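Notes follow the structure.
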Amino acid sequence: MPHSDAAQPTTQDDKITASDDMGTRYGFTVTGEDAGARLDKYLTTTLAGKAKAPDAPLSRARIRQLLETGQVLLTAKPGAAPKPATDPAYKVREGEHIVVTVPAPRPAEPVGQEIPLDILYEDADLIVIVKPAGLVVHPAPGNPDMTLVNALIAHCGDQLSGIGGEKRPGIVHRLDKETSGVMVVAKSDRAHQGLAAQFAAHGRDGKLERAYTALVWGRPEPTSGTVDAPIARSTQNRRKMATVRSSAASGAREAITHYKTLKSWGEPPLVSLVTCHLETGRTHQIRVHMTSIGHPLLGDPVYGGSQKARKVKLPPEAQQALESLDRQALHAHLLAFEHPASHEKMRYEAPIPNDIKSLIDSLELV
């Protein structure tokens with residue numbers, strides 16, 4: 001979390017300003033010779049040079065993580081309130097004061113934490129669970145613990161496959177933090193390799209199937225169809241993904257979503273219930289694709305834009321249910337795959353969770 005203005009110490013000679021359990025903070029003022037430099041490049045060179053930070057050199061990727069997680073505060077002029085700086089391409093200006101917090105090192109390996117798991121199936125090779133909304137899959141900046149991985153370590157002990165690396169043992173796919181639904185995790189290395197191959201093939205070998213339930217604004221036309229649009233990181237906001245015209249664009253990856261409208265409410269349609277089958281698995285794929293055709297998910301704080309005008313057209317009960325949802329209305333209801341050891345066809349479904357179900361029930365009043 002960003003530090004408040006009151007918590008920021010003054011600086012002298014652009015050196016270490018403070019060190020505590022939150023990490024080490026460095027403060028420095030942009031000089032005329034550095035004005036116009038990209039923020040990420042400026043921070044990389046300045047931390048290693050002027051501030052002589054023992055944490056340096058920090059990679060550009062690590063600098064971007066600090067920016068994304070609110071660890072860089074910029075004060076435009078004396079007396080102004082510091083604000084989080086998040087754009088790595090921002091051009092620094094002479095006289096600006098910058099405070100960077102490098103978080104204290106965390107244990108390299110996640111530890112087990114007793115977090116309840118909704119287990120659908122488990123054997124010596126794998127475990128199938130229903131991930132609730134709000135649970136992060138694996139440790140990352142901003143979410144160092146209390147993740148699904150921590151829960152799995154507590155449940156499985158040393159059985160989890162280590163191929164995924166120390167931060168994500170056993171993880172072969174993921175769901176967004178606020179997306180609920182079925183996931184499979186590898187417990188053996190052979191399961192990890194076999195499942196990873198199936199997810200890499202995206203079901204085109206007939207082994208894997210993934211389906212999601214979503215509530216979207218309006219009604220897609222046609223009511224069933226395919227969105228075939230490559231996805232890359234947004235050039236306007238590096239924390240978002242976006243569709244691009246060509247897979248040849250920088251960082252673009254093929255992305256294909258098949259959707260079908262199951263039901264709509266209102267006339268003209270205000271909200272529709274859709275099911276989406278993934279032919280690829282890209283970050284935020286369904287959220288990005290449905291937004292790209294003009295039908296963002298209800299409750300999506302990143303891709304949904306301002307939903308006030310649409311929300312007021314819903315009955316009071318639905319408005320209240322949407323407020324209570326407090327997340328994107330997306331649930332991974334189906335996961336089917338071939339067991340990597342027995343080669344048996346495995347198929348698991350998770351019912352729509354209560355928060356989305358309550359929203360659907362309230363829409364019946366439209």
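Here, A, B, ... name the chains of the structure tokens in the order displayed, residue numbers run from 1 inside each chain, and ligands are numbered from 1 in the same displayed order.
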Practice task
For segment 307-313 of chain A, work out the shell of residues within 9 Å, counting only C-alpha atoms and skipping chain neighbours fewer than 4 positions away, then give it as a PyMOL selection string.
Solution key: chain A and resi 217+270+298-299+318-319+322
For the residues in the current selection, export C-alpha atoms as a tab-separated table (two decimals), in the first residue's frame.
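Saved file again-v5.tsv follows:
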```tsv
chain	number	residue	atom	x	y	z
A	217	TRP	CA	-24.94	-5.92	-20.13
A	270	LEU	CA	-30.79	-4.94	-20.10
A	298	LEU	CA	-21.77	-6.89	-14.75
A	299	GLY	CA	-19.69	-5.73	-11.81
A	318	ALA	CA	-31.28	-6.22	-8.78
A	319	GLN	CA	-29.41	-3.01	-8.02
A	322	LEU	CA	-25.28	-6.09	-7.99
```
Considering only C-alpha atoms, tabulate each residue of segment 272-291 of chain A that lies at most 12 Å from segment 176-188 of chain A along with its nearest interatomic pair and the corresponding distance in Å to one decimal; arrange the rows by chain and ascending residue number and present them as a Markdown table.
```
| residue | atom | partner | partner_atom | distance |
| --- | --- | --- | --- | --- |
| A:Gly281 | CA | A:Asp176 | CA | 11.9 |
| A:Arg282 | CA | A:Asp176 | CA | 11.0 |
| A:Thr283 | CA | A:Asp176 | CA | 8.3 |
| A:His284 | CA | A:Asp176 | CA | 7.4 |
| A:Gln285 | CA | A:Asp176 | CA | 10.4 |
| A:Ile286 | CA | A:Thr179 | CA | 11.0 |
| A:Arg287 | CA | A:Asp176 | CA | 10.5 |
```
Practice task
Would you kindly return, as a PyMOL selection string, each protein, DNA or RNA residue with an atom no farther than 12 Å from any atom of Pro144 of chain A, considering only C-alpha atoms and excluding same-chain residues fewer than 2 positions away?
Solution key: chain A and resi 103-111+113+136-142+146-150+167-168
Practice task
Could you give me the residues within segment 59-97 of chain A that DSSP places in alpha helix (DSSP H), as a PyMOL selection string?
Solution key: chain A and resi 60-68
Handout entry: Nearest candidate to Thr226 of chain A (options A:His155, A:Ala61, A:Tyr259, A:Gly164; using only C-alpha atoms)
Key =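 The shortest atom-to-atom distance to Thr226 of chain A comes from A:Tyr259.
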Practice task
Determine, counting only C-alpha atoms, which protein, DNA and RNA residues have an atom within 8 Å of an atom of Ala76 of chain A; residues of the same chain fewer than 6 positions away are not included. Present the result as a ChimeraX atom specification.
Solution key: /A:82,95-97
Handout entry: Non-local contacts of Gly251 of chain A (9 Å; only C-alpha atoms; under 3 positions in same chain excluded) as a VMD selection string
Key = chain A and resid 231 to 233 247 to 248
Practice task
Go through A:Ser362, A:Met290, A:Gln198, A:Lys260 one by one, measure the shortest atom-to-atom distance of each to Thr243 of chain A using only C-alpha atoms, and give the residue with the smallest value.
Solution key: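 Looking only at the distances to Thr243 of chain A, the closest residue turns out to be A:Met290.
Comparing the minimum interatomic distances between Asp34 of chain A and each of A:Ser234, A:Thr223, A:Thr280, A:Thr46, counting only C-alpha atoms, we find that A:Thr46 sits nearest.
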Problem - Among listed residues A:Gly304, A:Pro132, A:Gly36, A:Pro220, nearest Gln328 of chain A (using only C-alpha atoms) - result: A:Gly304
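Closest to Thr31 of chain A among A:Val92, A:Leu43, A:Ile63, A:Ala191 is A:Val92, based on only C-alpha atoms.
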Would you mind listing what lies within 12 Å of Glu267 of chain A as a short mmCIF file (atom, residue, chain, number, x, y, z; two decimals) with N, CA and C atoms, in the first residue's frame, with only C-alpha atoms counted and same-chain residues fewer than 2 positions away left out?
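Full text of part.cif as output:
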```
data_model
loop_
_atom_site.label_atom_id
_atom_site.label_comp_id
_atom_site.auth_asym_id
_atom_site.auth_seq_id
_atom_site.Cartn_x
_atom_site.Cartn_y
_atom_site.Cartn_z
N GLY A 218 -26.76 -5.84 -21.74
CA GLY A 218 -27.37 -5.93 -23.06
C GLY A 218 -27.54 -7.36 -23.51
N ARG A 219 -27.68 -7.55 -24.80
CA ARG A 219 -27.79 -8.88 -25.40
C ARG A 219 -26.91 -8.94 -26.64
N SER A 264 -32.20 -13.50 -21.59
CA SER A 264 -32.07 -12.05 -21.46
C SER A 264 -33.24 -11.52 -20.65
N TRP A 265 -33.01 -10.39 -19.99
CA TRP A 265 -34.04 -9.75 -19.19
C TRP A 265 -34.22 -8.31 -19.66
N PRO A 269 -33.26 -5.53 -24.17
CA PRO A 269 -32.55 -6.33 -23.18
C PRO A 269 -31.57 -5.50 -22.34
N LEU A 270 -31.70 -5.63 -21.02
CA LEU A 270 -30.79 -4.94 -20.10
C LEU A 270 -29.60 -5.81 -19.73
N VAL A 271 -29.86 -7.10 -19.49
CA VAL A 271 -28.83 -8.03 -19.03
C VAL A 271 -29.07 -9.38 -19.69
N SER A 272 -27.98 -10.09 -19.98
CA SER A 272 -28.10 -11.44 -20.54
C SER A 272 -27.21 -12.41 -19.78
N LYS A 313 -31.49 1.36 -14.45
CA LYS A 313 -32.62 0.79 -15.17
C LYS A 313 -33.07 -0.55 -14.58
N LEU A 314 -32.27 -1.11 -13.68
CA LEU A 314 -32.62 -2.37 -13.05
C LEU A 314 -33.58 -2.13 -11.90
N VAL A 366 -37.32 -8.11 -13.55
CA VAL A 366 -37.27 -7.07 -14.60
C VAL A 366 -38.48 -7.17 -15.50
#
```
Practice task
Using backbone DSSP assignments, extract all strand (DSSP E or B) residues from segment 213-242 of chain A; output them as an NGL selection string.
Solution key: :A and (213-217 or 224-228 or 231-233 or 241-242)
